[in-house]
Amino acid sequence: MGPPLVDLRRAVMAAPPVLVLLFLLLLVMAAGGSGAAPAWDPAGYLLYCPCMGRFGNQAEHFLGALAFARDLNRTLAVPPWIEYRHHRPPYTNLHVPYTEHFRLEPLLQYHRVISLEDFMEKLAPVHWPPGKRVAYCFEAAAQRSADKSTCPMKDGNPFGPFWDQFQVNFDKSELFKGISFSSAYKDHWIQRFSPSEHPVLALPGAPAQFPVLEEHRPLHKYIVWSDEMVKKGEAYIHSLLVRPYVGIHLRIGSDWKNACNMLKDGTAGPHFMASPQCVGYDRSAAVPLTMDMCLPDLKEIRRALKLWVEKTEAKSVYIATDSEPYTTEIQQFFQGKVKVVTLQPEVPQIDLYVLGQSDHFIGNCVSSFTAFVKRERDVHGRPSSFFGMDHPPRLRDEF
């Protein structure tokens with residue numbers, strides 16, 4: 001049994017101010033760690049599966065979903081990232097909490113958020129229990145179901161495994177048409193799905209466009225690396241690289257070659273995947289998208305590297321790639337005067353961090369992986385270029 005309250009009060013009052021502050025901090029931490037559920041938001045929640053593409057695409061969709069949640073004034077349940085580990089353990093999808101790579105708190109500067117893990121553990125059992133779980137989707141999506149009226153929330157991979165990790169099954173479907181996720185329709189959404197009658201909007205995919213809309217690019221400033229990621233990334237930089245260093249992203253795998261061939265045969269135009277980041281968002285004024293921009297060959301890689309290594313007086317080059325890193329060829333090109341490093345780490349976020357911190361970055365204009373790095377660097381005023389485009393146009397945003 002603890003000391004009487006009056007004795008405890010006297011002891012606190014007699015203690016030095018620093019100890020009093022420490023005591024109060026411990027009380028706050030104890031209360032925070034008590035497992036108390038967060039307050040339910042009467043303005044409602046937005047849930048979605050980040051079910052399109054790998055990390056770069058998921059990040060673009062996340063920015064759009066964050067903006068959509070604010071438009072509707074609903075708390076966004078931030079989903080885990082989906083990693084596809086089919087060629088190494090666990091040989092299946094891995095669901096990685098947002099907070100493993102990034103901090104949740106900075107997002108609150110823009111809008112209300114909660115991790116989907118916390119929502120399911122602390123709020124769903126009372127406020128969104130089994131039997132009351134409604135799925136929301138476009139009528140066109142429901143056409144894929146057997147009865148033509150059920151949202152395909154769990155059809156196939158990654159949709160099924162995503163909701164199964166939270167033991168979620170859906171009890172009914174609400175269909176909609178004639179509206180989009182554009183902010184121009186926000187009043188339609190609020191009127192059609194009021195939070196009093198529809199407290200949880202659960203969608204089969206992100207309520208966002210790909211690539212990310214130009215006006216949502218500045219939201220990247222709220223995506224802040226976790227302390228653990230900063231620690232890991234900085235350790236690699238300090239142990240392997242010598243500043244100044246140039247970071248490059250080589251997207252040259254076989255799947256990418258097939259995609260870029262669509263430029264050759266005319267199937268793809270200037271707006272191809274993430275290319276608006278370099279050719280411009282205005283289709284009528286977009287500059288041509290070249291093969292050097294989509295699939296740079298060794299000649300173009302050497303040309304761009306020579307330019308920026310000389311301009312920055314770089315002592316090392318960091319290569320992030322999905323395939324052949326050309327390490328030997330680049331070392332020979334610089335005659336051993338520049339250190340060339342490639343990690344091919346287990347998690348791609350290490351590459352993203354190291355590229356983001358480089359003194360100059362050369363990316364692939366069409367890649368959403370490059371786009372993540374470019375947005376982060378724009379936020380912090382760091383210089384970037386693309387293969388095939390040494391001086392990208394400045395986009396109309398708020399960086």
# chains A, B, ... in the order shown; residues from 1 in each chain; ligands from 1
call {"tool": "closest_atom_pairs", "arguments": {"of": "stretch 136-236 of chain A", "to": "stretch 274-293 of chain A", "cutoff": "12 Å", "atoms": "only C-alpha atoms", "output": "CSV"}}
result
residue,atom,partner,partner_atom,distance
A:Gln209,CA,A:Ala274,CA,11.2
A:Phe210,CA,A:Ala274,CA,7.8
A:Pro211,CA,A:Ala274,CA,5.4
A:Val212,CA,A:Ala274,CA,8.1
A:Leu213,CA,A:Tyr281,CA,8.4
A:Glu214,CA,A:Tyr281,CA,7.0
A:Glu215,CA,A:Tyr281,CA,10.4
A:Arg217,CA,A:Gln277,CA,9.7
call {"tool": "select_by_dssp", "arguments": {"residues": "stretch 173-353 of chain A", "states": "strand (DSSP E)", "output": "count of residues only"}}
result
26
call {"tool": "closest_atom_pairs", "arguments": {"of": "stretch 32-113 of chain A", "to": "stretch 140-155 of chain A", "cutoff": "12 Å", "atoms": "only C-alpha atoms", "output": "JSON lines"}}
result
{"residue": "A:Leu47", "atom": "CA", "partner": "A:Met153", "partner_atom": "CA", "distance": 11.7}
{"residue": "A:Tyr48", "atom": "CA", "partner": "A:Met153", "partner_atom": "CA", "distance": 9.6}
{"residue": "A:Cys49", "atom": "CA", "partner": "A:Met153", "partner_atom": "CA", "distance": 8.7}
{"residue": "A:Pro50", "atom": "CA", "partner": "A:Met153", "partner_atom": "CA", "distance": 11.9}
{"residue": "A:Cys51", "atom": "CA", "partner": "A:Met153", "partner_atom": "CA", "distance": 10.4}
call {"tool": "write_last_selection", "arguments": {"atoms": "N, CA and C atoms", "output": "short mmCIF file (atom, residue, chain, number, x, y, z; two decimals), in the first residue's frame"}}
result
data_model
loop_
_atom_site.label_atom_id
_atom_site.label_comp_id
_atom_site.auth_asym_id
_atom_site.auth_seq_id
_atom_site.Cartn_x
_atom_site.Cartn_y
_atom_site.Cartn_z
N LEU A 47 -11.47 4.72 -43.80
CA LEU A 47 -10.59 3.56 -43.87
C LEU A 47 -10.42 3.16 -45.33
N TYR A 48 -9.25 2.68 -45.69
CA TYR A 48 -9.05 2.18 -47.05
C TYR A 48 -7.89 1.19 -47.06
N CYS A 49 -7.86 0.38 -48.13
CA CYS A 49 -6.76 -0.55 -48.35
C CYS A 49 -5.78 0.08 -49.33
N PRO A 50 -4.48 0.17 -48.99
CA PRO A 50 -3.48 0.72 -49.92
C PRO A 50 -3.09 -0.33 -50.95
N CYS A 51 -4.06 -0.73 -51.74
CA CYS A 51 -3.94 -1.96 -52.52
C CYS A 51 -3.49 -1.77 -53.96
#
call {"tool": "atom_distance", "arguments": {"atom1": "atom CA of A:Leu395", "atom2": "atom CA of A:Arg377"}}
result
13.4 Å
call {"tool": "atom_distance", "arguments": {"atom1": "atom CA of A:Leu241", "atom2": "atom CA of A:Glu346"}}
result
18.7 Å
call {"tool": "residues_around", "arguments": {"residues": "stretch 115-130 of chain A", "least_positions_apart": "6", "cutoff": "9 Å", "atoms": "only C-alpha atoms", "output": "number ranges by chain"}}
result
A: 35-40, 47, 76-80, 97-99, 104, 166, 168-171, 199-200
call {"tool": "write_last_selection", "arguments": {"atoms": "N, CA, C and O atoms", "output": "tab-separated table (two decimals), in the first residue's frame"}}
result
chain	number	residue	atom	x	y	z
A	35	GLY	N	-3.56	2.08	-21.69
A	35	GLY	CA	-4.39	1.34	-22.64
A	35	GLY	C	-5.77	1.94	-22.81
A	35	GLY	O	-6.63	1.34	-23.42
A	36	ALA	N	-5.98	3.15	-22.26
A	36	ALA	CA	-7.28	3.81	-22.40
A	36	ALA	C	-7.56	4.08	-23.87
A	36	ALA	O	-6.68	4.50	-24.62
A	37	ALA	N	-8.79	3.83	-24.30
A	37	ALA	CA	-9.16	4.03	-25.70
A	37	ALA	C	-9.21	5.52	-26.01
A	37	ALA	O	-9.64	6.32	-25.19
A	38	PRO	N	-8.77	5.92	-27.22
A	38	PRO	CA	-8.93	7.32	-27.62
A	38	PRO	C	-10.40	7.66	-27.75
A	38	PRO	O	-11.24	6.77	-27.93
A	39	ALA	N	-10.72	8.94	-27.64
A	39	ALA	CA	-12.12	9.36	-27.75
A	39	ALA	C	-12.62	9.10	-29.16
A	39	ALA	O	-11.90	9.27	-30.13
A	40	TRP	N	-13.88	8.68	-29.26
A	40	TRP	CA	-14.50	8.46	-30.56
A	40	TRP	C	-14.75	9.80	-31.24
A	40	TRP	O	-15.20	10.76	-30.60
A	47	LEU	N	-11.47	4.72	-43.80
A	47	LEU	CA	-10.59	3.56	-43.87
A	47	LEU	C	-10.42	3.16	-45.33
A	47	LEU	O	-11.37	3.28	-46.12
A	76	LEU	N	-8.64	10.14	-40.48
A	76	LEU	CA	-8.08	9.10	-41.36
A	76	LEU	C	-7.45	8.01	-40.51
A	76	LEU	O	-6.59	8.28	-39.67
A	77	ALA	N	-7.90	6.77	-40.72
A	77	ALA	CA	-7.24	5.61	-40.10
A	77	ALA	C	-6.08	5.23	-41.01
A	77	ALA	O	-6.28	4.67	-42.09
A	78	VAL	N	-4.87	5.58	-40.59
A	78	VAL	CA	-3.69	5.41	-41.44
A	78	VAL	C	-3.35	3.92	-41.56
A	78	VAL	O	-3.05	3.27	-40.55
A	79	PRO	N	-3.40	3.38	-42.78
A	79	PRO	CA	-3.18	1.93	-42.94
A	79	PRO	C	-1.70	1.57	-42.89
A	79	PRO	O	-0.83	2.43	-43.10
A	80	PRO	N	-1.40	0.30	-42.64
A	80	PRO	CA	-0.01	-0.15	-42.77
A	80	PRO	C	0.38	-0.18	-44.24
A	80	PRO	O	-0.48	-0.26	-45.12
A	97	PRO	N	3.37	-1.43	-40.11
A	97	PRO	CA	2.73	-0.23	-39.56
A	97	PRO	C	3.38	1.06	-40.08
A	97	PRO	O	4.61	1.12	-40.25
A	98	TYR	N	2.58	2.06	-40.33
A	98	TYR	CA	3.07	3.36	-40.81
A	98	TYR	C	4.21	3.85	-39.94
A	98	TYR	O	5.22	4.37	-40.42
A	99	THR	N	4.07	3.64	-38.61
A	99	THR	CA	5.03	4.20	-37.66
A	99	THR	C	6.37	3.48	-37.65
A	99	THR	O	7.32	3.93	-37.02
A	104	LEU	N	3.81	9.45	-36.77
A	104	LEU	CA	2.39	9.76	-36.95
A	104	LEU	C	2.08	11.22	-36.55
A	104	LEU	O	1.22	11.87	-37.16
A	166	PHE	N	-6.84	-7.92	-39.80
A	166	PHE	CA	-7.63	-7.31	-38.73
A	166	PHE	C	-8.91	-8.10	-38.44
A	166	PHE	O	-9.79	-7.63	-37.72
A	168	VAL	N	-11.42	-8.63	-40.37
A	168	VAL	CA	-12.57	-7.85	-40.80
A	168	VAL	C	-13.30	-8.56	-41.93
A	168	VAL	O	-12.70	-8.93	-42.94
A	169	ASN	N	-14.60	-8.76	-41.73
A	169	ASN	CA	-15.50	-9.16	-42.81
A	169	ASN	C	-16.59	-8.10	-42.90
A	169	ASN	O	-16.95	-7.47	-41.90
A	170	PHE	N	-17.11	-7.90	-44.10
A	170	PHE	CA	-18.09	-6.84	-44.30
A	170	PHE	C	-19.49	-7.42	-44.38
A	170	PHE	O	-19.72	-8.46	-45.00
A	171	ASP	N	-20.42	-6.72	-43.74
A	171	ASP	CA	-21.78	-7.24	-43.56
A	171	ASP	C	-22.76	-6.74	-44.61
A	171	ASP	O	-23.75	-7.40	-44.90
A	199	PRO	N	-20.85	6.34	-39.88
A	199	PRO	CA	-19.69	6.76	-39.07
A	199	PRO	C	-18.34	6.31	-39.61
A	199	PRO	O	-17.34	6.98	-39.42
A	200	VAL	N	-18.32	5.15	-40.30
A	200	VAL	CA	-17.06	4.63	-40.82
A	200	VAL	C	-17.20	4.38	-42.32
A	200	VAL	O	-17.97	3.52	-42.74
call {"tool": "atom_distance", "arguments": {"atom1": "atom CA of A:Val230", "atom2": "atom CA of A:Trp308"}}
result
25.5 Å
call {"tool": "closest_residue", "arguments": {"among": "A:Ala59, A:Ile179, A:Ile248, A:Val224", "to": "A:Gln109", "atoms": "only C-alpha atoms"}}
result
A:Val224
call {"tool": "residues_around", "arguments": {"residues": "A:Leu94", "least_positions_apart": "3", "cutoff": "8 Å", "atoms": "only C-alpha atoms", "output": "PyMOL selection string"}}
result
chain A and resi 82-85+90
call {"tool": "write_last_selection", "arguments": {"atoms": "N, CA and C atoms", "output": "PDB file, in the first residue's frame"}}
result
ATOM      1  N   ILE A  82       1.873  -2.092 -47.454  1.00  0.00           N
ATOM      2  CA  ILE A  82       1.907  -3.485 -47.898  1.00  0.00           C
ATOM      3  C   ILE A  82       3.233  -3.738 -48.601  1.00  0.00           C
ATOM      4  N   GLU A  83       4.021  -4.667 -48.063  1.00  0.00           N
ATOM      5  CA  GLU A  83       5.267  -5.097 -48.706  1.00  0.00           C
ATOM      6  C   GLU A  83       5.041  -6.494 -49.281  1.00  0.00           C
ATOM      7  N   TYR A  84       5.470  -6.681 -50.515  1.00  0.00           N
ATOM      8  CA  TYR A  84       5.267  -7.963 -51.189  1.00  0.00           C
ATOM      9  C   TYR A  84       6.546  -8.788 -51.073  1.00  0.00           C
ATOM     10  N   ARG A  85       6.537  -9.733 -50.132  1.00  0.00           N
ATOM     11  CA  ARG A  85       7.731 -10.539 -49.857  1.00  0.00           C
ATOM     12  C   ARG A  85       7.552 -11.950 -50.430  1.00  0.00           C
ATOM     13  N   PRO A  90       8.633 -13.542 -45.394  1.00  0.00           N
ATOM     14  CA  PRO A  90       7.773 -14.707 -45.136  1.00  0.00           C
ATOM     15  C   PRO A  90       7.069 -15.260 -46.379  1.00  0.00           C
TER      16      PRO A  90
END
call {"tool": "closest_residue", "arguments": {"among": "A:Glu105, A:Asp322, A:Asp164, A:Glu329", "to": "A:Asp351", "atoms": "only C-alpha atoms"}}
result
A:Asp322
call {"tool": "residues_around", "arguments": {"residues": "A:His61", "least_positions_apart": "3", "cutoff": "6 Å", "atoms": "only C-alpha atoms", "output": "NGL selection string"}}
result
:A and (58 or 64 or 206 or 208)
call {"tool": "write_last_selection", "arguments": {"atoms": "C-alpha atoms", "output": "CSV table (one decimal), in the first residue's frame"}}
result
chain,number,residue,atom,x,y,z
A,58,GLN,CA,1.0,3.6,-52.0
A,64,GLY,CA,-4.5,12.0,-51.7
A,206,ALA,CA,-7.4,4.7,-51.8
A,208,ALA,CA,-7.1,9.3,-54.5
call {"tool": "residues_around", "arguments": {"residues": "A:Lys172", "least_positions_apart": "3", "cutoff": "9 Å", "atoms": "only C-alpha atoms", "output": "PDB file with N, CA and C atoms, in the first residue's frame"}}
result
ATOM      1  N   GLY A 131     -20.886  -7.248 -37.658  1.00  0.00           N
ATOM      2  CA  GLY A 131     -22.330  -7.104 -37.804  1.00  0.00           C
ATOM      3  C   GLY A 131     -22.729  -5.711 -38.253  1.00  0.00           C
ATOM      4  N   LYS A 132     -21.804  -4.738 -38.047  1.00  0.00           N
ATOM      5  CA  LYS A 132     -22.093  -3.345 -38.436  1.00  0.00           C
ATOM      6  C   LYS A 132     -21.035  -2.797 -39.383  1.00  0.00           C
ATOM      7  N   ARG A 133     -20.342  -3.689 -40.039  1.00  0.00           N
ATOM      8  CA  ARG A 133     -19.235  -3.254 -40.894  1.00  0.00           C
ATOM      9  C   ARG A 133     -19.712  -3.126 -42.342  1.00  0.00           C
ATOM     10  N   VAL A 134     -19.823  -1.880 -42.774  1.00  0.00           N
ATOM     11  CA  VAL A 134     -20.366  -1.572 -44.094  1.00  0.00           C
ATOM     12  C   VAL A 134     -19.226  -1.232 -45.049  1.00  0.00           C
ATOM     13  N   ALA A 135     -19.282  -1.789 -46.247  1.00  0.00           N
ATOM     14  CA  ALA A 135     -18.319  -1.477 -47.299  1.00  0.00           C
ATOM     15  C   ALA A 135     -18.931  -0.451 -48.247  1.00  0.00           C
ATOM     16  N   TYR A 136     -18.095   0.434 -48.779  1.00  0.00           N
ATOM     17  CA  TYR A 136     -18.554   1.488 -49.686  1.00  0.00           C
ATOM     18  C   TYR A 136     -17.741   1.401 -50.971  1.00  0.00           C
ATOM     19  N   THR A 150     -22.491  -6.271 -54.364  1.00  0.00           N
ATOM     20  CA  THR A 150     -21.613  -6.394 -53.202  1.00  0.00           C
ATOM     21  C   THR A 150     -20.237  -5.816 -53.524  1.00  0.00           C
ATOM     22  N   CYS A 151     -19.706  -4.973 -52.655  1.00  0.00           N
ATOM     23  CA  CYS A 151     -18.370  -4.399 -52.873  1.00  0.00           C
ATOM     24  C   CYS A 151     -17.312  -5.496 -52.782  1.00  0.00           C
TER      25      CYS A 151
END
call {"tool": "select_by_dssp", "arguments": {"residues": "stretch 154-281 of chain A", "states": "alpha helix (DSSP H)", "output": "ChimeraX atom specification"}}
result
/A:159-164,186-192,227-240,254-264,276-279
call {"tool": "write_last_selection", "arguments": {"atoms": "C-alpha atoms", "output": "PDB file, in the first residue's frame"}}
result
ATOM      1  CA  PHE A 159      -7.377  -7.069 -50.732  1.00  0.00           C
ATOM      2  CA  GLY A 160      -8.233 -10.255 -48.829  1.00  0.00           C
ATOM      3  CA  PRO A 161      -5.036 -10.533 -46.779  1.00  0.00           C
ATOM      4  CA  PHE A 162      -5.178  -6.820 -45.926  1.00  0.00           C
ATOM      5  CA  TRP A 163      -8.558  -7.012 -44.174  1.00  0.00           C
ATOM      6  CA  ASP A 164      -7.892 -10.511 -42.823  1.00  0.00           C
ATOM      7  CA  LYS A 186     -16.763  17.077 -51.027  1.00  0.00           C
ATOM      8  CA  ASP A 187     -20.231  18.516 -50.292  1.00  0.00           C
ATOM      9  CA  HIS A 188     -21.827  15.626 -52.198  1.00  0.00           C
ATOM     10  CA  TRP A 189     -19.917  13.127 -50.039  1.00  0.00           C
ATOM     11  CA  ILE A 190     -20.849  14.875 -46.795  1.00  0.00           C
ATOM     12  CA  GLN A 191     -24.535  15.081 -47.741  1.00  0.00           C
ATOM     13  CA  ARG A 192     -24.738  11.535 -49.088  1.00  0.00           C
ATOM     14  CA  ASP A 227      13.722   8.272 -35.266  1.00  0.00           C
ATOM     15  CA  GLU A 228      14.752   4.655 -35.903  1.00  0.00           C
ATOM     16  CA  MET A 229      14.859   5.173 -39.684  1.00  0.00           C
ATOM     17  CA  VAL A 230      16.922   8.364 -39.254  1.00  0.00           C
ATOM     18  CA  LYS A 231      19.330   6.477 -37.000  1.00  0.00           C
ATOM     19  CA  LYS A 232      19.716   3.613 -39.505  1.00  0.00           C
ATOM     20  CA  GLY A 233      19.983   5.875 -42.536  1.00  0.00           C
ATOM     21  CA  GLU A 234      22.528   8.208 -40.963  1.00  0.00           C
ATOM     22  CA  ALA A 235      24.628   5.230 -39.836  1.00  0.00           C
ATOM     23  CA  TYR A 236      24.843   4.002 -43.454  1.00  0.00           C
ATOM     24  CA  ILE A 237      25.691   7.482 -44.738  1.00  0.00           C
ATOM     25  CA  HIS A 238      28.449   8.057 -42.167  1.00  0.00           C
ATOM     26  CA  SER A 239      29.979   4.602 -42.519  1.00  0.00           C
ATOM     27  CA  LEU A 240      29.829   4.159 -46.313  1.00  0.00           C
ATOM     28  CA  SER A 254      13.019  -6.179 -67.112  1.00  0.00           C
ATOM     29  CA  ASP A 255       9.460  -5.190 -66.120  1.00  0.00           C
ATOM     30  CA  TRP A 256      10.439  -1.532 -66.466  1.00  0.00           C
ATOM     31  CA  LYS A 257      11.961  -2.145 -69.909  1.00  0.00           C
ATOM     32  CA  ASN A 258       8.641  -3.598 -71.054  1.00  0.00           C
ATOM     33  CA  ALA A 259       6.782  -0.567 -69.693  1.00  0.00           C
ATOM     34  CA  CYS A 260       9.127   1.929 -71.371  1.00  0.00           C
ATOM     35  CA  ASN A 261       8.745   0.123 -74.692  1.00  0.00           C
ATOM     36  CA  MET A 262       5.223   1.583 -74.716  1.00  0.00           C
ATOM     37  CA  LEU A 263       6.887   4.937 -75.425  1.00  0.00           C
ATOM     38  CA  LYS A 264       8.610   3.495 -78.471  1.00  0.00           C
ATOM     39  CA  PRO A 276       3.948  14.653 -64.651  1.00  0.00           C
ATOM     40  CA  GLN A 277       6.605  15.408 -62.018  1.00  0.00           C
ATOM     41  CA  CYS A 278       9.035  16.196 -64.855  1.00  0.00           C
ATOM     42  CA  VAL A 279       7.018  16.868 -68.022  1.00  0.00           C
TER      43      VAL A 279
END
call {"tool": "closest_residue", "arguments": {"among": "A:Ser196, A:Ala69, A:Asn93, A:Asn157", "to": "A:Phe181", "atoms": "only C-alpha atoms"}}
result
A:Ala69
call {"tool": "closest_residue", "arguments": {"among": "A:Leu250, A:Leu295, A:Cys137, A:Ala304", "to": "A:Thr342", "atoms": "only C-alpha atoms"}}
result
A:Leu250
call {"tool": "decode", "arguments": {"residues": "stretch 298-324 of chain A", "atoms": "N, CA and C atoms", "output": "compact mmCIF listing (two decimals), in the first residue's frame"}}
result
# COMPACT_ATOMS: atom_id res chain seq x y z
N LEU A 298 23.51 3.12 -70.30
CA LEU A 298 24.75 3.40 -69.57
C LEU A 298 25.38 4.72 -70.04
N LYS A 299 25.23 5.03 -71.32
CA LYS A 299 25.77 6.29 -71.85
C LYS A 299 25.11 7.49 -71.16
N GLU A 300 23.78 7.46 -71.03
CA GLU A 300 23.06 8.57 -70.38
C GLU A 300 23.37 8.63 -68.88
N ILE A 301 23.49 7.46 -68.26
CA ILE A 301 23.82 7.42 -66.83
C ILE A 301 25.19 8.06 -66.59
N ARG A 302 26.17 7.71 -67.45
CA ARG A 302 27.51 8.30 -67.31
C ARG A 302 27.47 9.81 -67.55
N ARG A 303 26.73 10.23 -68.59
CA ARG A 303 26.66 11.66 -68.92
C ARG A 303 26.12 12.48 -67.75
N ALA A 304 24.95 12.02 -67.20
CA ALA A 304 24.32 12.76 -66.10
C ALA A 304 25.21 12.75 -64.86
N LEU A 305 25.80 11.61 -64.57
CA LEU A 305 26.67 11.52 -63.40
C LEU A 305 27.89 12.43 -63.53
N LYS A 306 28.52 12.43 -64.70
CA LYS A 306 29.69 13.28 -64.92
C LYS A 306 29.33 14.75 -64.66
N LEU A 307 28.19 15.18 -65.19
CA LEU A 307 27.74 16.56 -65.01
C LEU A 307 27.60 16.93 -63.54
N TRP A 308 26.88 16.09 -62.78
CA TRP A 308 26.54 16.48 -61.41
C TRP A 308 27.65 16.15 -60.42
N VAL A 309 28.47 15.15 -60.71
CA VAL A 309 29.64 14.89 -59.86
C VAL A 309 30.61 16.07 -59.96
N GLU A 310 30.80 16.59 -61.19
CA GLU A 310 31.68 17.74 -61.35
C GLU A 310 31.10 19.00 -60.72
N LYS A 311 29.79 19.22 -60.92
CA LYS A 311 29.16 20.43 -60.39
C LYS A 311 29.18 20.47 -58.86
N THR A 312 28.98 19.31 -58.24
CA THR A 312 28.93 19.26 -56.78
C THR A 312 30.27 18.91 -56.15
N GLU A 313 31.26 18.62 -57.02
CA GLU A 313 32.58 18.16 -56.55
C GLU A 313 32.42 16.96 -55.62
N ALA A 314 31.56 16.04 -56.07
CA ALA A 314 31.21 14.88 -55.25
C ALA A 314 32.40 13.94 -55.05
N LYS A 315 32.44 13.37 -53.85
CA LYS A 315 33.47 12.40 -53.51
C LYS A 315 32.94 10.96 -53.60
N SER A 316 31.60 10.83 -53.62
CA SER A 316 31.02 9.48 -53.72
C SER A 316 29.67 9.52 -54.43
N VAL A 317 29.27 8.34 -54.90
CA VAL A 317 27.99 8.17 -55.61
C VAL A 317 27.24 7.04 -54.93
N TYR A 318 25.95 7.27 -54.64
CA TYR A 318 25.12 6.21 -54.06
C TYR A 318 24.10 5.77 -55.10
N ILE A 319 24.03 4.46 -55.35
CA ILE A 319 23.13 3.91 -56.37
C ILE A 319 22.04 3.08 -55.71
N ALA A 320 20.79 3.48 -55.94
CA ALA A 320 19.64 2.66 -55.54
C ALA A 320 19.03 2.09 -56.82
N THR A 321 18.79 0.79 -56.85
CA THR A 321 18.31 0.19 -58.09
C THR A 321 17.47 -1.05 -57.83
N ASP A 322 16.65 -1.39 -58.82
CA ASP A 322 15.84 -2.61 -58.76
C ASP A 322 16.53 -3.73 -59.50
N SER A 323 17.71 -3.46 -60.07
CA SER A 323 18.37 -4.49 -60.85
C SER A 323 19.88 -4.25 -60.89
N GLU A 324 20.48 -4.26 -62.08
CA GLU A 324 21.93 -4.10 -62.24
C GLU A 324 22.37 -2.69 -61.82
